[in-house]
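Written below as structure tokens is the structure these notes are about.
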Amino acid sequence: MLMKLDRRRFRALRVFLDPGRLRVLTRRSEIGLSLAGAVVGIASGLAVTGMSFVSNELHQMIFGIADSERLSSSDIDDKLLLLTAPVIGGALLGLLLFVLSKRRKKPMVDPIEANALHGGRLSLTDSIIVAVQNLISNGFGASVGLEAGYTQLAAGIASKFGLKLQLRRSDLRILVGCGAAGAIAAAFNAPLTGAFYAFELIIGTYTIVSLTPVVTSAIVSTLVARLLAEGDFTIDIGSFGSVVPADYVPALLLGVFCAGVGILIMQGVAFIEEVARKSSIAPAFRPALGGIIVGLLAMISPQVLSAGHGALHLNLSRDVAIPALIGLFLLKSLASAISIGSGFRGGLFFASLFMGALLGKLFAYCGPYFAATTLTPAIYAVVGMSSLAVAVIGGPLTMTFLALEITGDFPITALVLAAVITSSLVVRSTFGYSFATWRFHLRGESIRSAHDVGWIRNLTVDKLMRSDVKTAKSGISLEEFKKAFPIGSTQRVILVEESEKYAGLVLVPEIYANPTDAQDEGKALADFVRYRNDFLQPQMNARQAAAIFDKSESEALAVVNNLIERKVVGQLSESHTLRRYSEELDRRRREVSGEI
């Protein structure tokens with residue numbers, strides 16, 4: 001009897017986990033998509049916990065620190081170890097880069113680019129490789145955080161899961177956002193921060209449809225991380241008086257100051273990367289050389305190592321002299337720029353939080369006005385932390401909720417909100433990019449956010465054109481042309497040379513509208529040829545095609561295979577292009593509004 005009951009339960013479980021049934025449930029129901037978000041949340045929590053555990057074990061094994069210590073707040077007396085560890089890590093990473101350069105030719109795609117251009121499609125293999133590179137970089141002391149690896153791995157798992165379920169493009173993008181939300185939520189024990197990180201940076205917009213699965217993933221991932229590992233990223237701001245309107249003035253000034261510093265940091269990283277590219281040093285050797293500089297900086301202060309979790313709490317919990325704050329900020333910013341610019345894998349998420357906290361305390365100490373206020377330097381450290389992070393990473397609400405969840409104080413959150421909005425506005429008005437989108441810009445990509453523009457690139461001339469076109473040789477006479485194409489047979493005929501090369505386009509009604517009196521007996525077919533140098537190519541998207549239609553003032557154009565052979569492969573009309581473009585625009589609008 002028990003065996004029969006167990007078989008029934010097993011059969012019911014198999015039916016429930018059947019991929020076909022899961023696919024139908026997820027595609028037809030918001031509840032199904034939310035359940036998929038919960039599964040992604042579990043995977044994200046496990047991924048973050050696993051990567052964090054490996055990183056801590058590497059720190060203990062390489063630098064000999066205690067289990068309860070953080071690398072950046074540890075007292076390491078062995079200067080040779082501080083110098084050699086980043087160099088060894090750079091050499092290992094360089095070896096991995098050399099192997100990958102021989103085996104993998106396509107560039108790796110991150111979650112923002114995947115959602116913006118590829119409809120949420122991410123390679124899980126590439127994501128695992130990025131996570132391993134991030135662990136090597138962070139584990140051996142390079143001045144980078146693990147957040148980039150967290151989000152990459154969690155988003156890669158989510159994308160793979162969504163592809164297995166054969167989700168629609170919009171649903172797959174949401175699921176990738178669920179992975180990123182779960183990663184950040186688990187990393188900081190902050191589900192609201194993780195959810196709005198996904199909305200602002202990974203999905204690019206907020207909708208009612210995406211709310212439930214993203215928040216579900218963030219909450220589930222946080223719970224999984226709490227169950228598996230101890231640790232809580234909180235900041236004690238101490239006791240202070242109430243926040244008054246006058247306190248907003250220095251907060252706004254701090255936001256402007258952090259925006260300028262954030263722009264300098266991003267341009268500094270780009271400058272170092274450009275110098276590395278223009279040098280004769282092979283990419284495989286660059287991380288090791290960068291490791292030498294990071295090691296030398298670590299010999300001055302070990303607080304520049306790794307992401308800086310321990311150093312952040314260390315500097316918040318004690319009074320630090322102004323010269324020490326300035327020196328540590330310069331060391332950390334240089335170490336982070338050198339680490340990323342030389343090829344170490346990681347991001348500036350936590351580094352920007354740490355450096356922003358230093359700027360906040362420095363701002364509080366240096367301003368004579370602030371000494372008379374009730375707000376403590378620790379509060380300005382939180383404001384600076386959020387302001388610099390939003391300048392570099394983006395996401396004003398993300399950083400505001402992070403301040404709320406790590407301090408638990410609502411009045412301070414309002415102060416942070418004012419500062420981060422100011423910082424974000426200044427950066428967008430003067431610079432226009434976050435760190436991730438700035439790197440896309442340097443690579444030649446035009447994307448400014450994760451907002452889905454990939455569908456425009458997928459809506460190509462090749463998919464829109466007609467291949468059944470009327471063609472004729474350019475050398476035939478006008479009479480032969482009229483015999484081959486009587487009036488009413490077609491609107492347009494494409495002329496080609498003997499070598500099948502495109503020669504122009506002829507409007508048939510125009511020929512028959514021409515009077516055949518004595519004055520026009522000398523006219524030839526060449527007199528009616530138009531758009532000799534105006535044509536389309538299959539790889540062009542609808543927007544590019546519309547621009548060429550507008551420039552040439554043509555209702556239809558020929559499509560040629562390339563600029564050299566110019567062999568005719570089809571024809572496309574302006575009306576069909578604009579209609580399909582408008583349909584896709586309306587579809588995206590309905591997806592954003594939650595109608596579909």
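In the structure tokens, chains take letters A, B, ... by order of appearance, with residues numbered from 1 within each chain and ligands from 1 in the order shown.
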
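The protein and nucleic acid residues lying at most 12 Å from Val261 of chain A are Leu254, Gly255, Gln267, Gly268, Phe329, Leu330, Ser333, Ser352, Met355, Gly356, Leu359, Gly360, Gly384, Ser387, Leu388, Ala389, Val390, Ala391, Val392, Ser423, Val426, Val427 and Phe431 of chain A, with only C-alpha atoms considered and sequence neighbours fewer than 6 positions away removed.
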
Take the residues just selected and output them with all heavy atoms as a short mmCIF file (atom, residue, chain, number, x, y, z; two decimals), in the first residue's frame.
```cif
data_model
loop_
_atom_site.label_atom_id
_atom_site.label_comp_id
_atom_site.auth_asym_id
_atom_site.auth_seq_id
_atom_site.Cartn_x
_atom_site.Cartn_y
_atom_site.Cartn_z
N LEU A 254 26.59 67.72 -1.61
CA LEU A 254 27.34 66.46 -1.61
C LEU A 254 26.97 65.62 -2.83
O LEU A 254 27.84 64.96 -3.43
CB LEU A 254 27.07 65.68 -0.32
CG LEU A 254 27.79 64.34 -0.14
CD1 LEU A 254 29.29 64.50 -0.30
CD2 LEU A 254 27.45 63.73 1.22
N GLY A 255 25.69 65.63 -3.22
CA GLY A 255 25.28 64.92 -4.42
C GLY A 255 25.96 65.44 -5.67
O GLY A 255 26.42 64.67 -6.52
N GLN A 267 35.87 58.02 -16.25
CA GLN A 267 36.80 58.40 -17.30
C GLN A 267 38.21 57.90 -17.00
O GLN A 267 38.96 57.57 -17.93
CB GLN A 267 36.80 59.92 -17.47
CG GLN A 267 35.51 60.46 -18.08
CD GLN A 267 35.55 61.95 -18.30
OE1 GLN A 267 36.17 62.68 -17.53
NE2 GLN A 267 34.89 62.41 -19.35
N GLY A 268 38.55 57.81 -15.72
CA GLY A 268 39.85 57.28 -15.36
C GLY A 268 40.00 55.82 -15.72
O GLY A 268 41.04 55.40 -16.25
N PHE A 329 41.09 57.38 -0.07
CA PHE A 329 40.22 57.53 -1.25
C PHE A 329 41.04 57.48 -2.53
O PHE A 329 40.66 56.79 -3.49
CB PHE A 329 39.44 58.84 -1.17
CG PHE A 329 38.65 59.13 -2.41
CD1 PHE A 329 37.40 58.53 -2.61
CD2 PHE A 329 39.14 59.96 -3.40
CE1 PHE A 329 36.68 58.78 -3.76
CE2 PHE A 329 38.42 60.20 -4.56
CZ PHE A 329 37.18 59.61 -4.73
N LEU A 330 42.15 58.17 -2.57
CA LEU A 330 42.99 58.17 -3.77
C LEU A 330 43.55 56.78 -4.04
O LEU A 330 43.60 56.32 -5.19
CB LEU A 330 44.11 59.18 -3.62
CG LEU A 330 43.69 60.66 -3.57
CD1 LEU A 330 44.89 61.55 -3.33
CD2 LEU A 330 42.98 61.05 -4.87
N SER A 333 40.57 54.47 -5.27
CA SER A 333 40.13 54.81 -6.63
C SER A 333 41.18 54.39 -7.66
O SER A 333 40.84 53.86 -8.73
CB SER A 333 39.85 56.31 -6.74
OG SER A 333 40.99 57.07 -6.40
N SER A 352 32.37 51.78 -5.29
CA SER A 352 31.76 53.11 -5.30
C SER A 352 31.07 53.41 -3.97
O SER A 352 31.06 54.56 -3.52
CB SER A 352 30.77 53.24 -6.46
OG SER A 352 29.69 52.33 -6.32
N MET A 355 34.07 54.23 -1.54
CA MET A 355 34.66 55.54 -1.83
C MET A 355 33.66 56.66 -1.54
O MET A 355 34.05 57.75 -1.09
CB MET A 355 35.13 55.59 -3.29
CG MET A 355 36.34 54.72 -3.57
SD MET A 355 37.00 54.92 -5.24
CE MET A 355 35.74 54.06 -6.21
N GLY A 356 32.37 56.42 -1.80
CA GLY A 356 31.36 57.43 -1.48
C GLY A 356 31.26 57.69 0.01
O GLY A 356 31.06 58.83 0.45
N LEU A 359 34.09 59.94 0.91
CA LEU A 359 33.81 61.31 0.49
C LEU A 359 32.80 61.98 1.41
O LEU A 359 32.92 63.18 1.72
CB LEU A 359 33.27 61.31 -0.95
CG LEU A 359 34.26 61.04 -2.08
CD1 LEU A 359 33.55 61.09 -3.42
CD2 LEU A 359 35.39 62.05 -2.06
N GLY A 360 31.80 61.22 1.87
CA GLY A 360 30.80 61.78 2.77
C GLY A 360 31.40 62.23 4.08
O GLY A 360 31.10 63.34 4.58
N GLY A 384 26.86 60.18 1.04
CA GLY A 384 27.92 60.14 0.02
C GLY A 384 28.04 58.78 -0.63
O GLY A 384 28.27 58.68 -1.84
N SER A 387 25.23 58.56 -3.12
CA SER A 387 25.38 59.55 -4.20
C SER A 387 26.46 59.14 -5.19
O SER A 387 26.27 59.26 -6.41
CB SER A 387 25.71 60.92 -3.61
OG SER A 387 24.68 61.37 -2.76
N LEU A 388 27.60 58.67 -4.71
CA LEU A 388 28.66 58.25 -5.62
C LEU A 388 28.26 56.96 -6.35
O LEU A 388 28.55 56.79 -7.54
CB LEU A 388 29.97 58.04 -4.87
CG LEU A 388 31.18 57.71 -5.75
CD1 LEU A 388 31.47 58.85 -6.72
CD2 LEU A 388 32.41 57.40 -4.92
N ALA A 389 27.58 56.05 -5.64
CA ALA A 389 27.16 54.80 -6.27
C ALA A 389 26.16 55.06 -7.39
O ALA A 389 26.22 54.42 -8.45
CB ALA A 389 26.55 53.87 -5.22
N VAL A 390 25.24 56.00 -7.20
CA VAL A 390 24.27 56.28 -8.26
C VAL A 390 24.95 56.99 -9.43
O VAL A 390 24.53 56.83 -10.58
CB VAL A 390 23.09 57.12 -7.72
CG1 VAL A 390 23.42 58.59 -7.62
CG2 VAL A 390 21.86 56.94 -8.59
N ALA A 391 26.01 57.76 -9.16
CA ALA A 391 26.74 58.40 -10.25
C ALA A 391 27.46 57.38 -11.12
O ALA A 391 27.51 57.52 -12.34
CB ALA A 391 27.75 59.40 -9.68
N VAL A 392 28.00 56.35 -10.49
CA VAL A 392 28.77 55.34 -11.22
C VAL A 392 27.88 54.22 -11.76
O VAL A 392 27.97 53.84 -12.93
CB VAL A 392 29.88 54.76 -10.32
CG1 VAL A 392 30.63 53.64 -11.03
CG2 VAL A 392 30.84 55.86 -9.89
N SER A 423 22.58 63.89 -7.80
CA SER A 423 23.75 63.26 -8.41
C SER A 423 23.41 62.64 -9.76
O SER A 423 24.13 62.83 -10.75
CB SER A 423 24.32 62.20 -7.47
OG SER A 423 25.43 61.54 -8.04
N VAL A 426 22.82 65.39 -12.43
CA VAL A 426 24.06 66.02 -12.88
C VAL A 426 24.81 65.10 -13.84
O VAL A 426 25.29 65.53 -14.89
CB VAL A 426 24.94 66.39 -11.67
CG1 VAL A 426 26.33 66.84 -12.13
CG2 VAL A 426 24.28 67.49 -10.85
N VAL A 427 24.90 63.82 -13.51
CA VAL A 427 25.62 62.87 -14.36
C VAL A 427 24.93 62.72 -15.71
O VAL A 427 25.57 62.74 -16.77
CB VAL A 427 25.76 61.50 -13.66
CG1 VAL A 427 26.32 60.46 -14.62
CG2 VAL A 427 26.66 61.61 -12.45
N PHE A 431 27.26 64.05 -18.46
CA PHE A 431 28.04 62.91 -18.96
C PHE A 431 27.18 61.96 -19.78
O PHE A 431 27.58 61.51 -20.85
CB PHE A 431 28.68 62.18 -17.77
CG PHE A 431 29.69 61.14 -18.16
CD1 PHE A 431 30.82 61.48 -18.86
CD2 PHE A 431 29.50 59.81 -17.80
CE1 PHE A 431 31.76 60.52 -19.21
CE2 PHE A 431 30.43 58.84 -18.13
CZ PHE A 431 31.56 59.20 -18.84
#
```

As a count of residues only, please: the residues near Ala547 of chain A (cut-off 12 Å, only C-alpha atoms, same-chain neighbours under 5 positions excluded). 12

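The coordinates place atom CA of Arg587 of chain A at 24.1 Å from atom CA of Asp550 of chain A.
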
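You will find atom CA of Leu362 of chain A at 28.8 Å from atom CA of Leu192 of chain A.
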
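Excluding Gly156 of chain A and any residue on its chain fewer than 3 positions from it, the residues at most 9 Å away by only C-alpha atoms are Asp110, Pro111, Arg121, Leu122, Ser123, Leu124, Thr125, Asp126, Ser127, Ile128, Thr151, Gln152, Leu153, Ser159, Lys160, Phe161, Val176 and Gly179 of chain A.
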
Selected residues, N, CA, C and O atoms, written as an mmCIF file, in the first residue's frame, please.
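Output (result.cif):
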```cif
data_model
loop_
_atom_site.group_PDB
_atom_site.id
_atom_site.type_symbol
_atom_site.label_atom_id
_atom_site.label_comp_id
_atom_site.auth_asym_id
_atom_site.auth_seq_id
_atom_site.Cartn_x
_atom_site.Cartn_y
_atom_site.Cartn_z
ATOM 1 N N ASP A 110 26.753 40.783 -21.011
ATOM 2 C CA ASP A 110 26.306 40.927 -19.633
ATOM 3 C C ASP A 110 24.789 41.115 -19.596
ATOM 4 O O ASP A 110 24.156 41.281 -20.644
ATOM 5 N N PRO A 111 24.148 41.067 -18.415
ATOM 6 C CA PRO A 111 22.684 41.117 -18.359
ATOM 7 C C PRO A 111 22.067 42.370 -18.964
ATOM 8 O O PRO A 111 21.000 42.300 -19.586
ATOM 9 N N ARG A 121 18.642 36.810 -23.865
ATOM 10 C CA ARG A 121 19.417 35.587 -24.127
ATOM 11 C C ARG A 121 20.856 35.746 -23.625
ATOM 12 O O ARG A 121 21.594 36.609 -24.086
ATOM 13 N N LEU A 122 21.202 34.890 -22.682
ATOM 14 C CA LEU A 122 22.538 34.888 -22.087
ATOM 15 C C LEU A 122 23.115 33.485 -22.148
ATOM 16 O O LEU A 122 22.391 32.509 -21.945
ATOM 17 N N SER A 123 24.399 33.387 -22.395
ATOM 18 C CA SER A 123 25.066 32.087 -22.369
ATOM 19 C C SER A 123 25.408 31.725 -20.932
ATOM 20 O O SER A 123 26.118 32.478 -20.245
ATOM 21 N N LEU A 124 24.913 30.583 -20.466
ATOM 22 C CA LEU A 124 25.227 30.140 -19.112
ATOM 23 C C LEU A 124 26.712 29.800 -18.992
ATOM 24 O O LEU A 124 27.342 30.068 -17.962
ATOM 25 N N THR A 125 27.280 29.236 -20.042
ATOM 26 C CA THR A 125 28.710 28.916 -20.020
ATOM 27 C C THR A 125 29.544 30.179 -19.848
ATOM 28 O O THR A 125 30.471 30.227 -19.026
ATOM 29 N N ASP A 126 29.216 31.215 -20.619
ATOM 30 C CA ASP A 126 29.926 32.485 -20.493
ATOM 31 C C ASP A 126 29.737 33.085 -19.103
ATOM 32 O O ASP A 126 30.666 33.671 -18.538
ATOM 33 N N SER A 127 28.533 32.957 -18.559
ATOM 34 C CA SER A 127 28.255 33.499 -17.233
ATOM 35 C C SER A 127 29.093 32.799 -16.169
ATOM 36 O O SER A 127 29.607 33.443 -15.239
ATOM 37 N N ILE A 128 29.239 31.486 -16.282
ATOM 38 C CA ILE A 128 30.081 30.743 -15.336
ATOM 39 C C ILE A 128 31.535 31.173 -15.467
ATOM 40 O O ILE A 128 32.247 31.350 -14.465
ATOM 41 N N THR A 151 25.529 38.950 -10.313
ATOM 42 C CA THR A 151 24.442 39.233 -11.259
ATOM 43 C C THR A 151 24.613 38.463 -12.562
ATOM 44 O O THR A 151 23.632 38.008 -13.151
ATOM 45 N N GLN A 152 25.854 38.322 -13.013
ATOM 46 C CA GLN A 152 26.088 37.597 -14.268
ATOM 47 C C GLN A 152 25.680 36.134 -14.128
ATOM 48 O O GLN A 152 24.975 35.588 -15.000
ATOM 49 N N LEU A 153 26.097 35.489 -13.058
ATOM 50 C CA LEU A 153 25.791 34.071 -12.881
ATOM 51 C C LEU A 153 24.295 33.856 -12.655
ATOM 52 O O LEU A 153 23.683 32.965 -13.261
ATOM 53 N N SER A 159 18.269 33.042 -17.494
ATOM 54 C CA SER A 159 18.090 33.006 -18.947
ATOM 55 C C SER A 159 18.021 31.572 -19.469
ATOM 56 O O SER A 159 17.187 31.242 -20.312
ATOM 57 N N LYS A 160 18.887 30.730 -18.945
ATOM 58 C CA LYS A 160 18.875 29.319 -19.354
ATOM 59 C C LYS A 160 17.551 28.657 -18.994
ATOM 60 O O LYS A 160 16.963 27.911 -19.788
ATOM 61 N N PHE A 161 17.062 28.943 -17.806
ATOM 62 C CA PHE A 161 15.780 28.406 -17.355
ATOM 63 C C PHE A 161 14.639 28.915 -18.236
ATOM 64 O O PHE A 161 13.760 28.150 -18.644
ATOM 65 N N VAL A 176 15.357 37.342 -16.538
ATOM 66 C CA VAL A 176 16.745 37.771 -16.361
ATOM 67 C C VAL A 176 16.826 38.847 -15.275
ATOM 68 O O VAL A 176 17.739 38.852 -14.438
ATOM 69 N N GLY A 179 16.762 37.210 -11.935
ATOM 70 C CA GLY A 179 18.069 36.703 -11.525
ATOM 71 C C GLY A 179 18.948 37.783 -10.928
ATOM 72 O O GLY A 179 19.577 37.599 -9.879
#
```

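Residue nearest Glu113 of chain A within the list A:Ala311, A:Ala324, A:Tyr150, A:His451: A:His451 [criterion: smallest interatomic distance, only C-alpha atoms].
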
Tell me, as a ChimeraX atom specification, which residues lie within 6 Å of Pro213 of chain A, counting only C-alpha atoms; anything in the same chain fewer than 2 positions away does not count. /A:34,37,210-211,215-216

Selection above as a file: N, CA and C atoms, as an mmCIF file, in the first residue's frame:
```cif
data_model
loop_
_atom_site.group_PDB
_atom_site.id
_atom_site.type_symbol
_atom_site.label_atom_id
_atom_site.label_comp_id
_atom_site.auth_asym_id
_atom_site.auth_seq_id
_atom_site.Cartn_x
_atom_site.Cartn_y
_atom_site.Cartn_z
ATOM 1 N N SER A 34 5.530 34.187 -11.775
ATOM 2 C CA SER A 34 5.978 34.450 -10.403
ATOM 3 C C SER A 34 6.616 33.214 -9.786
ATOM 4 N N GLY A 37 9.926 33.019 -11.121
ATOM 5 C CA GLY A 37 10.765 33.970 -10.404
ATOM 6 C C GLY A 37 11.234 33.430 -9.070
ATOM 7 N N SER A 210 5.800 42.844 -14.289
ATOM 8 C CA SER A 210 7.123 42.431 -13.807
ATOM 9 C C SER A 210 7.274 42.561 -12.295
ATOM 10 N N LEU A 211 6.370 43.285 -11.636
ATOM 11 C CA LEU A 211 6.517 43.546 -10.200
ATOM 12 C C LEU A 211 6.560 42.265 -9.377
ATOM 13 N N VAL A 215 9.981 40.911 -7.380
ATOM 14 C CA VAL A 215 9.989 41.024 -5.918
ATOM 15 C C VAL A 215 10.016 39.636 -5.274
ATOM 16 N N THR A 216 9.282 38.689 -5.846
ATOM 17 C CA THR A 216 9.301 37.320 -5.330
ATOM 18 C C THR A 216 10.708 36.744 -5.366
#
```

Considering only alpha helix (DSSP H) as DSSP defines it on the backbone, what residues of segment 268-348 of chain A qualify? List them as a PyMOL selection string. chain A and resi 268-278+286-300+309-316+322-341

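Across A:Ser474, A:Thr205, A:Thr398, A:Ser467, the tightest approach to Ile174 of chain A is made by A:Thr205 when counting only C-alpha atoms.
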
As a check of understanding: the span from atom CA of Gly64 of chain A to atom CA of Ile76 of chain A is 8.5 Å

Would you kindly return, as a compact mmCIF listing (two decimals) with N, CA and C atoms, in the first residue's frame, each protein, DNA or RNA residue with an atom no farther than 12 Å from any atom of Leu92 of chain A, considering only C-alpha atoms and excluding same-chain residues fewer than 2 positions away?
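Wrote selection25.txt, looks like this:
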```
# COMPACT_ATOMS: atom_id res chain seq x y z
N ALA A 85 50.44 38.40 -4.05
CA ALA A 85 49.13 37.77 -4.23
C ALA A 85 48.36 38.33 -5.43
N PRO A 86 48.23 39.66 -5.59
CA PRO A 86 47.55 40.17 -6.79
C PRO A 86 48.27 39.82 -8.09
N VAL A 87 49.61 39.74 -8.01
CA VAL A 87 50.37 39.39 -9.21
C VAL A 87 50.08 37.95 -9.63
N ILE A 88 50.05 37.04 -8.67
CA ILE A 88 49.74 35.63 -8.97
C ILE A 88 48.32 35.52 -9.51
N GLY A 89 47.39 36.25 -8.87
CA GLY A 89 46.02 36.23 -9.38
C GLY A 89 45.94 36.76 -10.80
N GLY A 90 46.69 37.83 -11.09
CA GLY A 90 46.71 38.36 -12.44
C GLY A 90 47.29 37.39 -13.44
N GLY A 94 45.34 35.92 -16.51
CA GLY A 94 45.90 36.07 -17.85
C GLY A 94 45.98 34.75 -18.58
N LEU A 95 46.35 33.68 -17.88
CA LEU A 95 46.39 32.36 -18.49
C LEU A 95 44.99 31.94 -18.95
N LEU A 96 43.99 32.21 -18.11
CA LEU A 96 42.61 31.88 -18.49
C LEU A 96 42.17 32.70 -19.69
N LEU A 97 42.54 33.97 -19.72
CA LEU A 97 42.20 34.82 -20.87
C LEU A 97 42.86 34.32 -22.14
N PHE A 98 44.10 33.85 -22.03
CA PHE A 98 44.80 33.32 -23.20
C PHE A 98 44.10 32.08 -23.75
N VAL A 99 43.70 31.18 -22.85
CA VAL A 99 42.99 29.97 -23.29
C VAL A 99 41.65 30.33 -23.92
N VAL A 132 33.87 32.80 -12.55
CA VAL A 132 35.18 32.26 -12.17
C VAL A 132 36.25 33.34 -12.25
N GLN A 133 36.22 34.14 -13.32
CA GLN A 133 37.18 35.23 -13.45
C GLN A 133 37.03 36.24 -12.31
N ASN A 134 35.80 36.54 -11.94
CA ASN A 134 35.53 37.46 -10.85
C ASN A 134 36.06 36.90 -9.52
N LEU A 135 35.88 35.59 -9.31
CA LEU A 135 36.38 34.96 -8.08
C LEU A 135 37.90 34.99 -8.02
N ILE A 136 38.56 34.74 -9.13
CA ILE A 136 40.02 34.80 -9.16
C ILE A 136 40.49 36.22 -8.85
N SER A 137 39.85 37.21 -9.48
CA SER A 137 40.24 38.60 -9.28
C SER A 137 40.04 39.02 -7.83
N GLY A 139 39.42 37.04 -5.17
CA GLY A 139 40.07 36.14 -4.22
C GLY A 139 41.53 36.43 -4.01
N PHE A 140 42.22 36.92 -5.05
CA PHE A 140 43.64 37.23 -4.93
C PHE A 140 43.89 38.70 -4.60
N ALA A 284 46.96 38.96 -22.24
CA ALA A 284 47.17 37.93 -21.23
C ALA A 284 48.15 38.38 -20.14
N PHE A 285 49.03 39.35 -20.45
CA PHE A 285 50.02 39.80 -19.48
C PHE A 285 49.57 41.03 -18.69
N ARG A 286 48.51 41.67 -19.14
CA ARG A 286 48.09 42.93 -18.50
C ARG A 286 47.62 42.74 -17.05
N PRO A 287 46.81 41.69 -16.73
CA PRO A 287 46.39 41.55 -15.32
C PRO A 287 47.55 41.39 -14.35
N ALA A 288 48.58 40.66 -14.75
CA ALA A 288 49.73 40.49 -13.86
C ALA A 288 50.45 41.81 -13.62
N GLY A 291 48.39 43.73 -11.38
CA GLY A 291 48.53 43.18 -10.03
C GLY A 291 49.75 43.73 -9.30
N GLY A 343 42.44 44.48 -16.76
CA GLY A 343 41.82 43.23 -17.20
C GLY A 343 41.27 42.34 -16.12
N PHE A 344 41.39 42.73 -14.84
CA PHE A 344 40.74 41.96 -13.79
C PHE A 344 39.23 42.06 -13.97
```

Looking at only C-alpha atoms, which of A:Leu165, A:Ala381, A:Ile494, A:Cys178 is the one that sits closest to Tyr197 of chain A? A:Cys178

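Proximity of A:Val506, A:Leu33, A:Leu46, A:Ile184 to Lys482 of chain A, computed with only C-alpha atoms, is greatest for A:Val506.
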
Would you mind listing what lies within 8 Å of Glu405 of chain A as a list in words, with only C-alpha atoms counted and same-chain residues fewer than 4 positions away left out? Ala190, Leu192, Thr193, Thr234 and Phe401 of chain A

Can you tell me, as a ChimeraX atom specification, which residues in segment 401-507 of chain A count as strand (DSSP E or B) by DSSP? /A:460,466,471-473,492-496,501-507
